[in-house]
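Here's the structure, in C-alpha cells; my notes come after.
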Amino acid sequence: MQTSSFSVSDSFGGRYWTLRGADEAAVRALTPHLGGNDLLARLLAPRGLEASQVETFLNPTLRALFPDPASFQDMMKAAELTLDAIVAGKSVTVFADYDVDGGTSSAILARYFRAWGREIGLYVPDRLTEGYGPSPEAFRHLKDQGADLVITVDCGAAATDALAEAVNINLPVIVIDHHLMGKTPPECAALVNPNRADDTSGQGHLAAAGVVYVFAAALNKLARERGIAPEGGLPNILHWLDLCALGTLCDMSPLRGANRAFVKQGLKILERGQNPGLRALADIAGIGKIESVYHATFVLGPRLNAGGRVGDPWLAAKLLATDDRAEAIALAERLHAHNDERKAVESAILEQATAEAQKQIEANPDVGILIAAGEGWHPGVIGIVAGRLKDRFHLPSIVIGWGQGLGPVAKGSARSVHGVNIGDAISAAAKAGVVISGGGHAMAGGLSLEPEQLPALQSWMQEHMAEFKTERAAAKELVVDATLSLTQVTTDTFDTIQTIGPFGQGAPEPIFGLADVEITHTRPIGENHLKLTIESAGARIDALVWRCLGTPLGDALLQRGRVHLAGRLKDNEWNGRRTAQFEVIDAAAA
C-alpha cells in the first residue's frame, strides 16, 4: 500500500509532499493487536502507539480514563462552595464565554442545577462591546442583580482586574477554565484550571467542557459523601457526555487521554439526539442523525458559534440548556440564520483579505507574515478569515477589523503555522508598545490596536518573523500517511480506518495519496467547490475539492489530465446506497 518513491516537490497548492515512514519492527509488533491489518499498523506506528496501548486506544472508556476530580487544584473546594449554594437555594450565575466550549460548559452546569430543582442564572458577554471574559462592570452588574455566587466557565483565569473587583464588592467567584495563565493565580473563591502552575492533575489538554464535566462528577462525589441527593437521585452525568464531546471537538482540544474517551463515548450520546437543542439544530441543518466528528465540528459547531460572532451571544448557551422543544426550534432557527449571515460576511471579507495577501506576496515573495486589515471588517469572523489565509498561503496570518458599531478599537485575530509561536509574537509586540494589548498561544492569538498603529505593526512583525525561514518552509510540507490504488477506495477501507478514530486535533485523520490517476470529468458545485471523476486501470471514483475555485489548485484541476492526489477517504450515502469518496486537499502534475 506504500510507494517509497511517491513524493512531490511542488504541488498546485504550493506545497511539497513526503511519504510518512514507519518503523518496520513497530509495524510488526502492532499488527497482531489490530486483527492482522497491515494498513492500520502502518498508520498507528508513526504516532508512537505501542502494542500495550492498542486496546485502550481502540476502546477508550470513561472507566479507564476518567480523571480523579481531587487531582485538580481547588476542584473539591469549588464543589463544596457550589453544593452549599445549591442546598441553601442561593442565587448562582454562570458566566460563560460566547463560543461552543463556553456554551456547552454552561449547559452542563444548568442541567446539573436543574436536576436539583434549581435554576442557574446565565451571563454571556458581547464580543463587540465587552470583549472576551469577565470585566469589573459585569461583576458589578451581577452583584446588583442579587447574585450570591458566580461561576465562570471557559474564561476568567487571567481576568485579574475583574476578579479583584469581585473581591472588593464581596462577590464570590469560582473560575473553571483551561486557558494558559500566569504563575500567580488571581484571588477568588476557587480557581480550577489544569493549566495553572500548581495543578498536578496532568489534564491540561482538556477543554473547558471537559473540566466542567469532571466538576459535575466532583459535585456528585461530594453529595454521596454527605449522603444527600435531590428527589429522584443524583444526576446521571452520562446523559450530558454529548455536551462534553461537542465542546472538546469544537475547541480543537487534542484527542488523547480522557478527551479521547469523552469524544468516542459522547458521539454515541449525540447520535441518540437526546438534547432537544441539538436535535432541533440538526433538523434545521438537514443532517438527520448527529453521527460523526464532522457533524459535530463542521455542521453544529459553526451554527452554535454564529450567535457569538454576528448575533446574540446568549443563543447557544440557551439552546443547549433548554428542554422545551418549541423554544429549541426557535433558538435553532435564529442560530441557523445568523450562520448564513456569518458566511456572507466572511465571504466578502475573505475576498478582500485574499487580494491584499496576494499583493503582499507579489511585492515580497519572502514575506514572513500576512497582515490584512479593513474598515468595517467584523471582529466576529476575522479569526476564520485568518485561518483561511494561513491554510491557503501556509504563512502566519493576522486579520484586523474596525469601524462604527464594531467596538472602541481595532481588533485583530491571528492564526499560525507549526513552529512559529504567534501568541508570543503578539505579546512581545504589546510589550513593545506596537499594539495596545494582545497575546495568545502558539497557533492562535488576538490583539487590540488603533488603526493608526497598523504600519508600525506591519514593520515590527515582518522584522520579527524574518528569523523563522526554516519553520515557514516546513509549514509547506504535506505528509502523506500511505498510498492507495483506486480499487482500495471503498467503504470497507473507510470502515477499517474508522476503527482507529475518532479523528481530530492531535489525532489527525490519515492522508492518503493516489498516484498517477486521471481526472476525466469536473463539475463545479455550490459556490466554490469542485466535484471530480477520477479513473485509473479501469477503476473509477468520485472526489470532492472544497473551496478551490479561483485558486491555483482549482484552476489546475479544471484542466483535467493525469495527476497525483492527496486527501482523505470519506463516506457518502445517497438514496440508500453507500459509496466511498476521496476528499482532495492537494494535487500535483503526474
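Chain labels follow the order of the C-alpha cells: the first chain is A, the next B, and so on; residue numbering restarts at 1 in every chain, and ligands are counted from 1 in their shown order.
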**Message:** According to DSSP computed on the backbone, where in segment 461-524 of chain A is there strand (DSSP E)? Give the residues as a ChimeraX atom specification.
**Reply:** /A:477-480,482-484,512-524
With C-alpha atoms kept, could you save the residues just selected as a compact mmCIF listing (two decimals), in the first residue's frame?
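Dumped to again-v3.txt:
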# COMPACT_ATOMS: atom_id res chain seq x y z
CA GLU A 477 5.18 20.11 3.92
CA LEU A 478 2.23 17.78 3.44
CA VAL A 479 2.87 14.38 4.99
CA VAL A 480 1.08 11.51 3.23
CA ALA A 482 0.13 5.89 2.79
CA THR A 483 -0.74 5.44 -0.86
CA LEU A 484 -3.81 3.63 -2.15
CA PHE A 512 -3.64 9.13 1.50
CA GLY A 513 -2.00 9.54 -1.85
CA LEU A 514 -3.43 8.44 -5.19
CA ALA A 515 -0.54 8.19 -7.63
CA ASP A 516 -0.84 8.91 -11.36
CA VAL A 517 -4.61 8.95 -11.79
CA GLU A 518 -6.62 10.71 -14.49
CA ILE A 519 -9.29 13.36 -13.97
CA THR A 520 -11.88 12.63 -16.65
CA HIS A 521 -14.70 14.94 -15.57
CA THR A 522 -15.10 18.07 -13.46
CA ARG A 523 -18.21 19.83 -12.21
CA PRO A 524 -18.44 22.95 -10.02
**Message:** I'd like the contact shell of segment 90-95 of chain A - 9 Å cut-off, only C-alpha atoms, skipping same-chain residues fewer than 4 positions apart - returned as a PyMOL selection string.
**Reply:** chain A and resi 82+84-86+102+106+109-110+119-125+133-134+142+146-156
Let me see the file: selected residues, C-alpha atoms, as a PDB file, in the first residue's frame.
ATOM      1  CA  THR A  82     -21.281  25.106  44.779  1.00  0.00           C
ATOM      2  CA  ASP A  84     -23.533  24.501  49.612  1.00  0.00           C
ATOM      3  CA  ALA A  85     -25.134  27.113  47.342  1.00  0.00           C
ATOM      4  CA  ILE A  86     -27.414  24.502  45.735  1.00  0.00           C
ATOM      5  CA  GLY A 102     -18.394  28.102  26.807  1.00  0.00           C
ATOM      6  CA  SER A 106     -22.669  26.461  30.902  1.00  0.00           C
ATOM      7  CA  LEU A 109     -23.987  23.326  34.862  1.00  0.00           C
ATOM      8  CA  ALA A 110     -27.525  24.457  34.022  1.00  0.00           C
ATOM      9  CA  GLU A 119     -32.171  27.197  38.056  1.00  0.00           C
ATOM     10  CA  ILE A 120     -28.808  28.820  37.438  1.00  0.00           C
ATOM     11  CA  GLY A 121     -28.530  32.328  36.017  1.00  0.00           C
ATOM     12  CA  LEU A 122     -26.645  32.967  32.778  1.00  0.00           C
ATOM     13  CA  TYR A 123     -24.400  35.791  31.594  1.00  0.00           C
ATOM     14  CA  VAL A 124     -22.572  35.824  28.260  1.00  0.00           C
ATOM     15  CA  PRO A 125     -20.508  38.912  27.314  1.00  0.00           C
ATOM     16  CA  GLY A 133     -14.110  37.195  29.574  1.00  0.00           C
ATOM     17  CA  PRO A 134     -15.416  38.902  32.707  1.00  0.00           C
ATOM     18  CA  LEU A 142     -24.323  40.615  38.623  1.00  0.00           C
ATOM     19  CA  GLY A 146     -28.551  39.703  43.500  1.00  0.00           C
ATOM     20  CA  ALA A 147     -26.037  37.007  42.582  1.00  0.00           C
ATOM     21  CA  ASP A 148     -24.656  35.190  45.633  1.00  0.00           C
ATOM     22  CA  LEU A 149     -22.099  33.210  43.646  1.00  0.00           C
ATOM     23  CA  VAL A 150     -20.684  33.412  40.104  1.00  0.00           C
ATOM     24  CA  ILE A 151     -19.050  30.505  38.273  1.00  0.00           C
ATOM     25  CA  THR A 152     -17.027  31.481  35.186  1.00  0.00           C
ATOM     26  CA  VAL A 153     -16.556  28.797  32.535  1.00  0.00           C
ATOM     27  CA  ASP A 154     -14.034  28.837  29.675  1.00  0.00           C
ATOM     28  CA  CYS A 155     -12.790  32.229  30.871  1.00  0.00           C
ATOM     29  CA  GLY A 156     -11.667  34.095  33.963  1.00  0.00           C
TER      30      GLY A 156
END
Kindly assemble as a tab-separated table a list of the segment 126-203 of chain A residues that lie within 12 Å of segment 255-260 of chain A, each paired with its nearest atom pair and their distance in Å to one decimal, using only C-alpha atoms, sorted first by chain and then by ascending residue number.
residue	atom	partner	partner_atom	distance
A:Ser201	CA	A:Ala258	CA	11.8
A:Gly202	CA	A:Gly257	CA	10.0
A:Gln203	CA	A:Ala258	CA	8.2
**Asked** Within 7 Å of segment 437-454 of chain A, counting only C-alpha atoms, which residues qualify if same-chain residues fewer than 2 places away don't, as number ranges by chain?
**Response** A: 409-417, 420-424, 426-427, 430, 434-435, 456-458
Deliver the residues from the most recent selection as a file, using N, CA and C atoms, as a PDB file, in the first residue's frame.
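Saved to out.pdb:
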ATOM      1  N   VAL A 409     -11.981  49.982  19.556  1.00  0.00           N
ATOM      2  CA  VAL A 409     -10.680  49.963  18.878  1.00  0.00           C
ATOM      3  C   VAL A 409     -10.676  48.855  17.832  1.00  0.00           C
ATOM      4  N   ALA A 410      -9.643  48.829  17.014  1.00  0.00           N
ATOM      5  CA  ALA A 410      -9.490  47.760  16.033  1.00  0.00           C
ATOM      6  C   ALA A 410      -9.142  46.453  16.740  1.00  0.00           C
ATOM      7  N   LYS A 411      -9.708  45.367  16.227  1.00  0.00           N
ATOM      8  CA  LYS A 411      -9.443  44.038  16.778  1.00  0.00           C
ATOM      9  C   LYS A 411      -8.768  43.180  15.721  1.00  0.00           C
ATOM     10  N   GLY A 412      -7.782  42.422  16.152  1.00  0.00           N
ATOM     11  CA  GLY A 412      -7.094  41.531  15.237  1.00  0.00           C
ATOM     12  C   GLY A 412      -7.124  40.109  15.728  1.00  0.00           C
ATOM     13  N   SER A 413      -7.158  39.167  14.814  1.00  0.00           N
ATOM     14  CA  SER A 413      -7.115  37.745  15.146  1.00  0.00           C
ATOM     15  C   SER A 413      -6.042  37.091  14.293  1.00  0.00           C
ATOM     16  N   ALA A 414      -5.258  36.211  14.901  1.00  0.00           N
ATOM     17  CA  ALA A 414      -4.116  35.611  14.213  1.00  0.00           C
ATOM     18  C   ALA A 414      -4.198  34.098  14.227  1.00  0.00           C
ATOM     19  N   ARG A 415      -3.671  33.493  13.168  1.00  0.00           N
ATOM     20  CA  ARG A 415      -3.508  32.042  13.094  1.00  0.00           C
ATOM     21  C   ARG A 415      -2.101  31.773  12.575  1.00  0.00           C
ATOM     22  N   SER A 416      -1.483  30.712  13.069  1.00  0.00           N
ATOM     23  CA  SER A 416      -0.090  30.484  12.708  1.00  0.00           C
ATOM     24  C   SER A 416       0.146  29.083  12.178  1.00  0.00           C
ATOM     25  N   VAL A 417       1.363  28.870  11.725  1.00  0.00           N
ATOM     26  CA  VAL A 417       1.808  27.561  11.253  1.00  0.00           C
ATOM     27  C   VAL A 417       2.687  26.950  12.332  1.00  0.00           C
ATOM     28  N   VAL A 420       5.991  28.474  14.533  1.00  0.00           N
ATOM     29  CA  VAL A 420       6.005  29.934  14.670  1.00  0.00           C
ATOM     30  C   VAL A 420       4.969  30.300  15.726  1.00  0.00           C
ATOM     31  N   ASN A 421       5.414  30.671  16.909  1.00  0.00           N
ATOM     32  CA  ASN A 421       4.524  30.958  18.020  1.00  0.00           C
ATOM     33  C   ASN A 421       3.956  32.368  17.882  1.00  0.00           C
ATOM     34  N   ILE A 422       2.735  32.449  17.368  1.00  0.00           N
ATOM     35  CA  ILE A 422       2.134  33.756  17.110  1.00  0.00           C
ATOM     36  C   ILE A 422       1.724  34.446  18.402  1.00  0.00           C
ATOM     37  N   GLY A 423       1.340  33.665  19.420  1.00  0.00           N
ATOM     38  CA  GLY A 423       0.965  34.269  20.696  1.00  0.00           C
ATOM     39  C   GLY A 423       2.122  35.009  21.329  1.00  0.00           C
ATOM     40  N   ASP A 424       3.309  34.390  21.315  1.00  0.00           N
ATOM     41  CA  ASP A 424       4.495  35.048  21.856  1.00  0.00           C
ATOM     42  C   ASP A 424       4.831  36.309  21.063  1.00  0.00           C
ATOM     43  N   ILE A 426       2.770  38.275  19.386  1.00  0.00           N
ATOM     44  CA  ILE A 426       1.810  39.335  19.688  1.00  0.00           C
ATOM     45  C   ILE A 426       2.066  39.911  21.083  1.00  0.00           C
ATOM     46  N   SER A 427       2.366  39.049  22.053  1.00  0.00           N
ATOM     47  CA  SER A 427       2.678  39.523  23.405  1.00  0.00           C
ATOM     48  C   SER A 427       3.898  40.442  23.383  1.00  0.00           C
ATOM     49  N   ALA A 430       2.960  43.772  22.028  1.00  0.00           N
ATOM     50  CA  ALA A 430       2.237  44.565  23.026  1.00  0.00           C
ATOM     51  C   ALA A 430       3.204  45.179  24.033  1.00  0.00           C
ATOM     52  N   VAL A 434       3.731  48.366  20.337  1.00  0.00           N
ATOM     53  CA  VAL A 434       3.326  48.396  18.932  1.00  0.00           C
ATOM     54  C   VAL A 434       1.815  48.278  18.794  1.00  0.00           C
ATOM     55  N   VAL A 435       1.186  47.555  19.726  1.00  0.00           N
ATOM     56  CA  VAL A 435      -0.275  47.444  19.792  1.00  0.00           C
ATOM     57  C   VAL A 435      -0.707  47.751  21.228  1.00  0.00           C
ATOM     58  N   ALA A 456       3.178  50.447  11.882  1.00  0.00           N
ATOM     59  CA  ALA A 456       4.199  50.021  12.849  1.00  0.00           C
ATOM     60  C   ALA A 456       4.101  48.521  13.120  1.00  0.00           C
ATOM     61  N   LEU A 457       2.873  47.998  13.190  1.00  0.00           N
ATOM     62  CA  LEU A 457       2.693  46.558  13.398  1.00  0.00           C
ATOM     63  C   LEU A 457       3.248  45.773  12.215  1.00  0.00           C
ATOM     64  N   GLN A 458       2.966  46.232  11.000  1.00  0.00           N
ATOM     65  CA  GLN A 458       3.487  45.568   9.800  1.00  0.00           C
ATOM     66  C   GLN A 458       5.006  45.474   9.861  1.00  0.00           C
TER      67      GLN A 458
END
**Prompt:** Got a sec to tell me which of segment 16-184 of chain A DSSP assigns to helix (DSSP H, G or I), as a PyMOL selection string?
**Reply:** chain A and resi 24-34+38-47+51-58+62-65+69-71+75-88+100-115+136-144+160-168
